[in-house]
file structure_14.cif (mmCIF, C-alpha atoms)
data_my_file
loop_
_atom_site.label_atom_id
_atom_site.label_comp_id
_atom_site.auth_asym_id
_atom_site.auth_seq_id
_atom_site.Cartn_x
_atom_site.Cartn_y
_atom_site.Cartn_z
CA MET A 270 76.56 40.45 22.43
CA ASN A 271 76.98 37.24 20.47
CA PRO A 272 73.89 35.10 20.05
CA ILE A 273 73.06 31.64 21.20
CA ILE A 274 73.08 29.69 17.93
CA ILE A 275 70.95 26.58 17.46
CA VAL A 276 71.80 24.46 14.43
CA GLY A 277 68.70 22.56 13.27
CA SER A 278 65.00 23.42 13.09
CA GLY A 279 63.44 20.03 13.79
CA LEU A 280 61.47 19.31 16.95
CA SER A 281 64.67 19.57 18.99
CA GLY A 282 65.80 22.99 17.76
CA TYR A 283 62.37 24.60 17.96
CA THR A 284 61.40 23.00 21.27
CA LEU A 285 64.66 24.20 22.81
CA ALA A 286 64.10 27.73 21.46
CA ARG A 287 60.54 27.71 22.83
CA GLU A 288 61.61 26.47 26.28
CA PHE A 289 64.51 28.98 26.37
CA ARG A 290 62.27 31.91 25.47
CA LYS A 291 60.01 31.04 28.43
CA LEU A 292 63.01 31.82 30.67
CA ASP A 293 64.85 34.52 28.69
CA LYS A 294 63.05 36.88 26.34
CA ASP A 295 66.05 38.98 25.31
CA THR A 296 69.30 37.09 24.76
CA PRO A 297 69.84 37.10 20.97
CA LEU A 298 68.98 33.77 19.39
CA ARG A 299 69.78 32.51 15.89
CA ILE A 300 68.55 29.26 14.35
CA ILE A 301 70.35 27.88 11.32
CA THR A 302 68.60 25.25 9.26
CA ALA A 303 69.39 23.39 6.04
CA ASP A 304 65.69 23.32 5.09
CA ASP A 305 62.87 25.85 4.84
CA GLY A 306 62.39 26.17 8.62
CA ARG A 307 58.71 25.25 8.66
CA PHE A 308 57.54 23.81 11.98
CA TYR A 309 56.14 20.25 11.80
CA SER A 310 56.08 17.18 13.99
CA LYS A 311 58.05 14.21 12.63
CA PRO A 312 56.00 11.56 14.49
CA MET A 313 52.98 12.74 12.53
CA LEU A 314 54.56 11.83 9.18
CA SER A 315 53.83 8.14 9.58
CA ASN A 316 50.13 8.59 10.30
CA ALA A 317 49.34 11.53 8.00
CA LEU A 318 47.42 9.42 5.44
CA SER A 319 44.95 8.09 7.99
CA SER A 320 44.54 11.55 9.52
CA GLY A 321 43.80 12.89 6.03
CA ARG A 322 46.62 15.44 5.98
CA THR A 323 48.75 16.54 3.02
CA PRO A 324 52.44 17.22 3.61
CA ASP A 325 51.83 20.99 3.60
CA GLN A 326 49.07 20.63 6.19
CA LEU A 327 51.56 18.95 8.52
CA ALA A 328 53.50 22.23 8.71
CA THR A 329 51.74 24.43 11.24
CA ALA A 330 53.98 27.53 10.87
CA ASP A 331 56.55 28.85 8.41
CA ALA A 332 60.00 30.25 9.26
CA ALA A 333 58.77 33.87 9.42
CA GLN A 334 56.00 32.97 11.88
CA MET A 335 58.42 30.95 14.01
CA ALA A 336 60.95 33.80 13.98
CA ALA A 337 58.32 36.22 15.24
CA GLN A 338 56.91 33.79 17.79
CA LEU A 339 60.34 32.96 19.23
CA ASN A 340 61.99 36.36 18.72
CA THR A 341 64.83 34.73 16.82
CA VAL A 342 66.63 35.10 13.52
CA ILE A 343 66.09 31.98 11.37
CA GLN A 344 68.58 31.39 8.59
CA THR A 345 67.02 28.88 6.17
CA TYR A 346 68.64 26.75 3.44
CA SER A 347 71.95 27.23 5.23
CA ARG A 348 74.53 24.59 6.06
CA VAL A 349 77.13 24.84 8.78
CA ASN A 350 80.39 23.68 7.19
CA ALA A 351 82.76 24.00 10.14
CA ILE A 352 83.01 24.87 13.81
CA ASP A 353 86.05 26.62 15.28
CA THR A 354 85.56 25.84 18.95
CA ALA A 355 88.59 27.90 20.04
CA ARG A 356 87.37 31.11 18.38
CA HIS A 357 83.66 30.28 19.00
CA ILE A 358 82.96 30.70 15.30
CA ILE A 359 80.94 28.64 12.86
CA SER A 360 81.18 28.97 9.11
CA VAL A 361 77.87 28.86 7.25
CA ASP A 362 78.27 28.59 3.48
CA GLY A 363 81.48 30.61 3.86
CA GLN A 364 80.02 33.28 6.19
CA GLU A 365 81.60 33.37 9.68
CA LEU A 366 79.29 33.76 12.70
CA GLU A 367 80.41 34.08 16.28
CA TYR A 368 78.43 32.36 19.01
CA ALA A 369 78.17 32.83 22.77
CA LYS A 370 76.80 29.31 23.03
CA LEU A 371 76.22 26.75 20.27
CA VAL A 372 73.63 23.97 20.29
CA LEU A 373 73.84 21.16 17.75
CA ALA A 374 70.34 19.81 17.03
CA LEU A 375 71.35 18.23 13.73
CA GLY A 376 69.18 15.12 13.84
CA ALA A 377 70.14 11.88 12.20
CA ASP A 378 70.70 10.40 8.75
CA VAL A 379 68.79 7.39 7.50
CA ILE A 380 70.84 4.20 7.20
CA LYS A 381 70.86 3.05 3.57
CA PRO A 382 70.63 -0.74 3.14
CA PRO A 383 73.22 -2.20 0.70
CA LEU A 384 71.23 -2.91 -2.47
CA LYS A 385 72.17 -4.10 -5.94
CA GLY A 386 70.04 -3.55 -9.03
CA ASP A 387 69.49 -0.71 -11.48
CA ALA A 388 66.82 0.96 -9.32
CA ALA A 389 68.59 0.95 -5.95
CA ASP A 390 68.75 4.75 -6.19
CA ALA A 391 64.96 4.94 -6.52
CA VAL A 392 64.49 3.56 -3.00
CA ILE A 393 62.96 6.30 -0.82
CA SER A 394 63.54 6.97 2.86
CA VAL A 395 61.69 9.46 5.03
CA ASN A 396 63.21 11.34 7.95
CA ASP A 397 61.86 14.87 7.49
CA LEU A 398 59.02 16.80 5.90
CA GLY A 399 60.95 17.29 2.67
CA ASP A 400 61.47 13.53 2.29
CA TYR A 401 57.80 12.96 3.13
CA THR A 402 56.61 15.45 0.50
CA HIS A 403 58.64 13.54 -2.12
CA PHE A 404 57.28 10.21 -0.81
CA ARG A 405 53.66 11.34 -1.12
CA ALA A 406 54.30 12.54 -4.68
CA VAL A 407 55.80 9.15 -5.60
CA ILE A 408 52.97 7.12 -4.08
CA ALA A 409 50.17 9.25 -5.56
CA GLY A 410 48.25 6.64 -7.53
CA ALA A 411 50.46 3.81 -6.30
CA LYS A 412 48.65 0.53 -5.69
CA HIS A 413 51.47 -1.33 -3.97
CA VAL A 414 54.37 -0.23 -1.75
CA ALA A 415 57.22 -2.41 -0.47
CA ILE A 416 58.76 -1.43 2.87
CA ILE A 417 62.26 -2.52 3.85
CA GLY A 418 62.54 -2.68 7.63
CA ALA A 419 60.03 -3.54 10.37
CA GLY A 420 61.06 -1.14 13.08
CA LEU A 421 58.80 1.53 14.54
CA ILE A 422 58.73 3.66 11.38
CA GLY A 423 58.32 0.71 9.00
CA CYS A 424 55.38 -0.65 10.99
CA GLU A 425 53.69 2.75 11.33
CA PHE A 426 54.01 3.41 7.60
CA ALA A 427 52.70 -0.08 6.81
CA ASN A 428 49.58 0.59 8.90
CA ASP A 429 49.12 4.07 7.42
CA LEU A 430 49.48 2.92 3.81
CA ARG A 431 47.00 0.12 4.42
CA SER A 432 44.54 2.64 5.86
CA ALA A 433 44.75 4.41 2.48
CA GLY A 434 43.97 1.14 0.69
CA ILE A 435 47.48 0.65 -0.67
CA ALA A 436 48.86 -2.92 -0.73
CA VAL A 437 51.92 -3.32 1.47
CA ASP A 438 54.73 -5.88 1.68
CA VAL A 439 57.19 -5.56 4.58
CA ILE A 440 60.58 -7.25 4.35
CA SER A 441 62.57 -7.58 7.56
CA THR A 442 65.81 -9.34 8.47
CA GLY A 443 64.41 -9.78 11.99
CA SER A 444 62.37 -12.80 13.04
CA ALA A 445 59.55 -10.47 14.12
CA PRO A 446 58.76 -6.76 13.86
CA LEU A 447 60.40 -4.33 16.32
CA ASN A 448 62.82 -7.09 17.32
CA ARG A 449 65.19 -4.52 18.87
CA LEU A 450 62.46 -3.26 21.21
CA LEU A 451 60.09 -6.16 21.81
CA PRO A 452 60.39 -9.79 22.96
CA GLU A 453 59.45 -12.06 20.05
CA ALA A 454 55.96 -12.97 21.31
CA ALA A 455 54.99 -9.28 21.38
CA GLY A 456 56.54 -8.75 17.95
CA HIS A 457 54.50 -11.60 16.53
CA ALA A 458 51.30 -10.14 18.02
CA LEU A 459 52.00 -6.90 16.13
CA GLN A 460 52.82 -8.91 13.01
CA GLU A 461 49.48 -10.70 13.19
CA GLY A 462 47.62 -7.45 13.89
CA LEU A 463 49.11 -5.86 10.78
CA ALA A 464 48.62 -9.05 8.72
CA HIS A 465 44.99 -8.88 9.76
CA ILE A 466 44.64 -5.57 7.88
CA GLY A 467 46.40 -7.00 4.83
CA VAL A 468 50.14 -6.41 5.36
CA ASN A 469 52.17 -9.15 3.63
CA TRP A 470 55.18 -10.17 5.75
CA HIS A 471 58.60 -11.43 4.62
CA ILE A 472 60.57 -11.97 7.85
CA ASP A 473 64.06 -13.43 8.25
CA ARG A 474 64.77 -12.06 4.77
CA SER A 475 66.60 -9.14 3.29
CA VAL A 476 66.23 -7.31 -0.01
CA THR A 477 69.28 -7.95 -2.15
CA ALA A 478 68.35 -6.03 -5.31
CA VAL A 479 65.83 -3.51 -6.63
CA ASP A 480 65.42 -3.32 -10.39
CA ARG A 481 63.13 -1.37 -12.70
CA ALA A 482 60.21 -3.51 -13.85
CA ALA A 483 57.83 -2.98 -16.75
CA GLN A 484 55.69 -1.08 -14.30
CA GLY A 485 57.32 0.07 -11.05
CA TYR A 486 60.03 -2.02 -9.41
CA ARG A 487 61.02 -5.66 -8.84
CA LEU A 488 62.61 -6.55 -5.52
CA THR A 489 64.74 -9.69 -5.19
CA LEU A 490 64.88 -11.13 -1.68
CA SER A 491 67.62 -13.16 -0.02
CA ASP A 492 65.59 -16.35 -0.47
CA GLY A 493 65.30 -15.69 -4.19
CA SER A 494 61.64 -14.68 -4.07
CA ILE A 495 60.46 -11.65 -6.05
CA ILE A 496 58.10 -8.80 -5.07
CA GLU A 497 56.72 -6.23 -7.50
CA ALA A 498 55.82 -2.76 -6.17
CA ASP A 499 55.09 0.77 -7.42
CA ALA A 500 57.36 2.30 -4.79
CA VAL A 501 59.99 1.11 -2.31
CA LEU A 502 60.34 2.71 1.13
CA SER A 503 63.41 1.96 3.24
CA CYS A 504 63.09 2.34 7.04
CA VAL A 505 66.10 0.45 8.40
CA GLY A 506 67.17 2.88 11.06
CA LEU A 507 68.89 6.18 11.76
CA ARG A 508 72.46 7.20 12.45
CA PRO A 509 73.17 10.36 14.48
CA ARG A 510 74.82 13.15 12.44
CA THR A 511 78.26 13.41 14.05
CA MET A 512 80.54 14.43 11.17
CA LEU A 513 80.39 18.19 11.75
CA ALA A 514 81.21 17.79 15.45
CA GLY A 515 83.90 15.18 14.78
CA ALA A 516 85.63 17.41 12.22
CA ALA A 517 85.79 20.17 14.86
CA GLY A 518 87.56 17.84 17.27
CA ILE A 519 84.48 17.40 19.43
CA HIS A 520 84.31 13.94 21.02
CA THR A 521 81.77 11.67 19.31
CA ALA A 522 80.75 8.06 19.87
CA HIS A 523 77.63 6.63 18.21
CA GLY A 524 76.19 10.13 18.66
CA ILE A 525 77.78 13.44 19.61
CA ALA A 526 78.93 12.60 23.15
CA VAL A 527 77.39 14.84 25.82
CA ASP A 528 77.11 14.67 29.60
CA ARG A 529 73.96 15.10 31.62
CA PHE A 530 74.14 18.86 31.06
CA LEU A 531 74.12 18.07 27.31
CA ALA A 532 77.55 19.65 27.09
CA THR A 533 79.97 18.33 24.49
CA SER A 534 83.74 18.13 24.98
CA ALA A 535 84.09 21.67 23.60
CA PRO A 536 83.36 24.70 25.80
CA ASP A 537 79.96 26.34 25.22
CA VAL A 538 78.94 23.70 22.67
CA TYR A 539 75.94 21.50 23.46
CA ALA A 540 74.04 18.82 21.56
CA MET A 541 70.56 17.32 21.91
CA GLY A 542 67.96 15.25 20.11
CA ASP A 543 68.65 12.53 17.54
CA CYS A 544 72.29 13.58 17.00
CA ALA A 545 73.26 13.38 20.68
CA GLU A 546 74.46 10.51 22.86
CA VAL A 547 73.62 11.44 26.45
CA GLU A 548 75.85 9.41 28.75
CA GLY A 549 75.80 6.52 26.33
CA LEU A 550 72.10 6.76 25.40
CA VAL A 551 70.98 7.54 21.83
CA LEU A 552 67.18 7.82 21.88
CA PHE A 553 65.32 8.76 18.68
CA TYR A 554 62.07 9.64 20.48
CA VAL A 555 60.09 12.73 21.46
CA MET A 556 59.93 12.26 25.25
CA PRO A 557 63.71 12.30 25.78
CA LEU A 558 63.91 15.34 23.48
CA MET A 559 61.34 17.21 25.58
CA ASN A 560 63.20 16.47 28.81
CA ALA A 561 66.51 17.48 27.25
CA ALA A 562 65.06 20.74 25.87
CA ARG A 563 63.71 21.77 29.28
CA ALA A 564 66.98 21.05 31.06
CA LEU A 565 69.19 22.68 28.42
CA ALA A 566 66.96 25.76 28.27
CA LYS A 567 67.58 26.32 31.99
CA THR A 568 71.30 25.75 31.57
CA LEU A 569 71.47 28.26 28.70
CA ALA A 570 69.48 30.73 30.80
CA GLY A 571 72.17 30.54 33.48
CA GLU A 572 70.88 27.79 35.78
CA PRO A 573 72.90 24.62 35.00
CA THR A 574 70.39 21.77 35.06
CA PRO A 575 71.10 18.10 34.35
CA VAL A 576 68.65 16.25 32.12
CA VAL A 577 66.42 13.73 33.85
CA TYR A 578 65.08 10.72 31.95
CA PRO A 579 62.07 9.31 33.86
CA PRO A 580 60.60 6.09 32.48
CA MET A 581 59.70 7.04 28.89
CA PRO A 582 57.65 4.30 27.25
CA VAL A 583 57.69 4.37 23.45
CA VAL A 584 54.24 4.33 21.85
CA VAL A 585 54.03 2.75 18.41
CA LYS A 586 51.15 4.27 16.46
CA THR A 587 49.85 1.17 14.69
CA PRO A 588 46.08 1.38 15.24
CA ALA A 589 45.64 -2.17 13.87
CA HIS A 590 47.53 -3.42 16.94
CA PRO A 591 49.00 -0.66 19.12
CA VAL A 592 52.21 -1.16 21.09
CA ALA A 593 53.72 0.55 24.14
CA VAL A 594 57.18 -0.54 25.20
CA SER A 595 59.73 0.46 27.79
CA PRO A 596 62.76 -1.68 26.94
CA PRO A 597 64.96 -2.77 29.86
CA PRO A 598 68.01 -0.45 30.09
CA PRO A 599 71.04 -1.67 28.13
CA GLY A 600 73.13 -4.16 30.07
CA VAL A 601 70.48 -5.07 32.66
CA MET A 602 70.31 -8.85 33.07
CA GLY A 603 66.93 -10.46 33.69
CA GLU A 604 64.07 -12.18 31.90
CA TRP A 605 60.71 -11.56 30.32
CA LYS A 606 57.51 -12.91 31.86
CA ILE A 607 55.15 -13.12 28.90
CA GLU A 608 51.34 -13.47 29.04
CA VAL A 609 49.53 -13.89 25.75
CA LEU A 610 46.03 -12.46 26.27
CA GLY A 611 43.20 -12.94 23.80
CA SER A 612 43.60 -9.43 22.47
CA GLY A 613 47.27 -8.63 23.00
CA VAL A 614 50.44 -9.44 24.91
CA ARG A 615 51.61 -8.25 28.35
CA ALA A 616 55.35 -8.86 28.74
CA LEU A 617 57.11 -7.73 31.91
CA PHE A 618 60.91 -7.75 32.35
CA PHE A 619 62.27 -8.51 35.81
CA ASP A 620 65.94 -8.17 36.74
CA ALA A 621 68.01 -10.61 38.83
CA GLY A 622 66.56 -8.97 41.98
CA ASN A 623 63.03 -9.58 40.66
CA LYS A 624 62.48 -5.87 40.16
CA LEU A 625 60.42 -4.60 37.20
CA ARG A 626 62.81 -3.00 34.73
CA GLY A 627 60.85 -2.94 31.48
CA PHE A 628 57.63 -3.90 29.75
CA ALA A 629 56.16 -4.54 26.33
CA LEU A 630 52.39 -4.19 25.89
CA THR A 631 50.43 -4.82 22.71
CA GLY A 632 46.77 -4.58 21.74
CA THR A 633 44.40 -4.00 24.65
CA ALA A 634 47.24 -4.39 27.18
CA VAL A 635 48.50 -0.94 26.11
CA SER A 636 46.02 0.62 28.55
CA GLU A 637 48.33 -0.43 31.41
CA LYS A 638 51.20 1.73 30.06
CA ASN A 639 50.94 4.72 32.43
CA ALA A 640 50.39 2.60 35.54
CA LEU A 641 53.34 0.29 34.76
CA ALA A 642 55.59 3.21 33.83
CA LYS A 643 55.14 4.58 37.36
CA GLU A 644 56.68 1.39 38.77
CA LEU A 645 59.91 1.74 36.78
CA PRO A 646 63.06 3.51 38.04
CA ALA A 647 64.36 6.56 36.16
CA LEU A 648 66.60 5.82 33.18
CA LEU A 649 68.96 8.73 33.93
CA MET B 172 31.95 16.17 24.12
CA THR B 173 34.86 16.52 21.66
CA LYS B 174 38.02 14.61 20.84
CA TRP B 175 41.35 16.39 20.75
CA GLN B 176 44.58 15.34 19.11
CA CYS B 177 48.08 16.28 20.34
CA VAL B 178 49.77 18.07 17.43
CA VAL B 179 53.16 16.54 18.20
CA CYS B 180 52.48 12.84 18.65
CA GLY B 181 48.86 12.34 17.66
CA LEU B 182 47.57 11.15 21.04
CA ILE B 183 43.75 11.36 21.08
CA TYR B 184 42.11 12.87 24.19
CA ASP B 185 38.41 12.07 24.21
CA GLU B 186 36.53 14.25 26.69
CA SER B 187 33.82 11.63 27.18
CA ALA B 188 36.42 8.95 28.06
CA GLY B 189 38.75 11.19 30.10
CA MET B 190 42.07 9.49 30.95
CA PRO B 191 41.56 7.39 34.09
CA SER B 192 45.17 6.17 34.16
CA GLU B 193 46.18 9.83 34.39
CA GLY B 194 43.61 10.57 37.09
CA ILE B 195 41.32 12.38 34.64
CA VAL B 196 37.73 11.22 35.05
CA PRO B 197 35.49 10.67 32.03
CA GLY B 198 33.64 13.83 30.98
CA THR B 199 36.52 16.15 31.86
CA ARG B 200 36.53 19.00 29.34
CA TRP B 201 39.85 19.93 27.72
CA ALA B 202 39.56 23.41 29.23
CA ASP B 203 39.37 21.90 32.74
CA ILE B 204 42.65 20.01 32.41
CA PRO B 205 45.41 21.90 34.25
CA ASP B 206 47.94 23.79 32.06
CA ASN B 207 50.91 21.91 33.47
CA TRP B 208 49.43 18.59 32.32
CA ALA B 209 51.77 16.89 29.88
CA CYS B 210 50.83 14.55 27.07
CA PRO B 211 51.52 11.06 28.50
CA ASP B 212 52.86 9.83 25.15
CA CYS B 213 55.34 12.56 24.26
CA GLY B 214 55.70 14.90 27.22
CA VAL B 215 54.54 18.09 25.49
CA THR B 216 52.82 20.33 28.05
CA LYS B 217 49.31 21.41 27.36
CA SER B 218 50.23 25.11 27.45
CA ASP B 219 52.78 24.64 24.65
CA PHE B 220 50.88 22.90 21.95
CA GLU B 221 47.16 23.32 21.78
CA MET B 222 45.42 20.11 20.86
CA VAL B 223 43.72 20.14 17.46
CA GLU B 224 39.94 19.64 17.78
CA ILE B 225 38.62 16.77 15.67
CA ALA B 226 35.03 15.78 15.10
CA ALA B 227 33.38 14.21 18.16
#

call {"tool": "encode", "arguments": {"input": "structure_14.cif", "output": "structure tokens"}}
result
Amino acid sequence: MNPIIIVGSGLSGYTLAREFRKLDKDTPLRIITADDGRFYSKPMLSNALSSGRTPDQLATADAAQMAAQLNTVIQTYSRVNAIDTARHIISVDGQELEYAKLVLALGADVIKPPLKGDAADAVISVNDLGDYTHFRAVIAGAKHVAIIGAGLIGCEFANDLRSAGIAVDVISTGSAPLNRLLPEAAGHALQEGLAHIGVNWHIDRSVTAVDRAAQGYRLTLSDGSIIEADAVLSCVGLRPRTMLAGAAGIHTAHGIAVDRFLATSAPDVYAMGDCAEVEGLVLFYVMPLMNAARALAKTLAGEPTPVVYPPMPVVVKTPAHPVAVSPPPPGVMGEWKIEVLGSGVRALFFDAGNKLRGFALTGTAVSEKNALAKELPALL
Amino acid sequence: MTKWQCVVCGLIYDESAGMPSEGIVPGTRWADIPDNWACPDCGVTKSDFEMVEIAA
């Protein structure tokens, strides 16, 4: 009997395997991963310094332990080069494997900002444990780190580096941090909270060049100003990995296009996590991944189950000024009602029918997250 | 009373504070929280990932 093959051993791949094994102990399972297959949690990368953990301590199990725990074969350091959806075969470094069902949990690639300068290639980005191990090696002994991008990851790393006493400059093209998720007033509250612990902000600016300096690097900004730093971290967003699926003729949009059953356009091929676009939604967060894994596990175990996305507020782990946000769904017209409290911001989004459709809470207002989430309609 | 941290998203559960917004009264021990409880920040169920105990 051909196995169910999961491609990818990030949170998606392993959570799906774990949920599936709760329902089906015997169907053969094979996980193929390009890295070493250790289990770790990606959200914990951007607060590992303040929690005093080394990169290795973030991995709680190695591939052999995971294989035993999940009763699965795990093929490490292996890349899937092609999918033949007609013959239900994937080629892995030249070896052909047949699948009964295939799940693409490939994750996403970091977006690289266009940079000039002789040190553009020294700019680091972090989207897995391997990247993070390299990052920690580079910043060992660093006094000053420049971060390009003020999204969730950029802000969490800024807070974490400051907690380790490292000077931080953040350069963002937005007019306030998290400008894709938050109304400006809430973004500015986060900006002030992080400035309060020493983060230097350069908003409405981009980095045009990174050059080697006598010691470390020299960044040139779009306004001509210069920043010196020992390391440069780029966190300007992710792009779902769709090339493998696209090359196999599987329909892709921004992510690998799947329906509510997480099924792609090819028979017996599914996709979930950061690489997937579920009915138009690409969500790089843990809560959607958990809901998808539970639904897909049932489907793979023979009980087709559509994914449900309840309200899933995003929590930004910036202890200096925490944030919890549930952005209004794309395309919903309405307006923000913003209250600036002494210790944070409460912003509520009401649609044309005066119904609550989103919220952005910062500082002490974050404590209202669970109560407000219960008032929101499901996303999917 | 101890504090626990979710291994996936880092949420801190402090037994002495409980989680009133989740209907968990202060002083509720981790062991007394039902197994089907899910971390409010990331959705991981308690039975899947044990919380990591950190100093009280």

call {"tool": "closest_residue", "arguments": {"input": "structure_14.cif", "among": "B:Thr199, B:Thr173, B:Asp212, B:Ser187", "to": "chain A", "atoms": "only C-alpha atoms"}}
result
B:Asp212

call {"tool": "atom_distance", "arguments": {"input": "structure_14.cif", "atom1": "CA of Leu645 (chain A)", "atom2": "CA of Ser218 (chain B)"}}
result
27.0 Å

call {"tool": "resolve_selection", "arguments": {"input": "structure_14.cif", "expression": "the PyMOL selection byres ((chain A) within 9 of (chain B))", "output": "number ranges by chain"}}
result
A: 280, 287, 309-313, 316, 554-557, 559-560, 581-584, 586, 636-640

call {"tool": "write_last_selection", "arguments": {"input": "structure_14.cif", "atoms": "C-alpha atoms", "output": "CSV table (one decimal), in the coordinates of the input"}}
result
chain,number,residue,atom,x,y,z
A,280,LEU,CA,61.5,19.3,17.0
A,287,ARG,CA,60.5,27.7,22.8
A,309,TYR,CA,56.1,20.2,11.8
A,310,SER,CA,56.1,17.2,14.0
A,311,LYS,CA,58.0,14.2,12.6
A,312,PRO,CA,56.0,11.6,14.5
A,313,MET,CA,53.0,12.7,12.5
A,316,ASN,CA,50.1,8.6,10.3
A,554,TYR,CA,62.1,9.6,20.5
A,555,VAL,CA,60.1,12.7,21.5
A,556,MET,CA,59.9,12.3,25.2
A,557,PRO,CA,63.7,12.3,25.8
A,559,MET,CA,61.3,17.2,25.6
A,560,ASN,CA,63.2,16.5,28.8
A,581,MET,CA,59.7,7.0,28.9
A,582,PRO,CA,57.6,4.3,27.2
A,583,VAL,CA,57.7,4.4,23.4
A,584,VAL,CA,54.2,4.3,21.8
A,586,LYS,CA,51.2,4.3,16.5
A,636,SER,CA,46.0,0.6,28.6
A,637,GLU,CA,48.3,-0.4,31.4
A,638,LYS,CA,51.2,1.7,30.1
A,639,ASN,CA,50.9,4.7,32.4
A,640,ALA,CA,50.4,2.6,35.5

call {"tool": "residues_around", "arguments": {"input": "structure_14.cif", "residues": "Gly198 (chain B)", "least_positions_apart": "6", "cutoff": "10 Å", "atoms": "all atoms listed in the file", "output": "list in words"}}
result
Met172, Thr173, Asp185, Glu186, Ser187, Ala188, Gly189 and Met190 of chain B

call {"tool": "axis_aligned_box", "arguments": {"input": "structure_14.cif", "around": "region 573-592 of chain A", "padding_each_side": "3 Å", "output": "lines of an AutoDock Vina configuration file"}}
result
center_x = 59.3
center_y = 10.6
center_z = 24.5
size_x = 33.3
size_y = 34.0
size_z = 27.2

call {"tool": "residues_near_point", "arguments": {"input": "structure_14.cif", "point": "(43.8, 19.4, 36.8)", "cutoff": "12 Å", "atoms": "only C-alpha atoms", "output": "PyMOL selection string"}}
result
chain B and resi 189-190+193-196+199-209+217

call {"tool": "closest_residue", "arguments": {"input": "structure_14.cif", "among": "A:Ala454, A:Ala500, A:Leu552, A:Leu366", "to": "Ala411 (chain A)", "atoms": "only C-alpha atoms"}}
result
A:Ala500
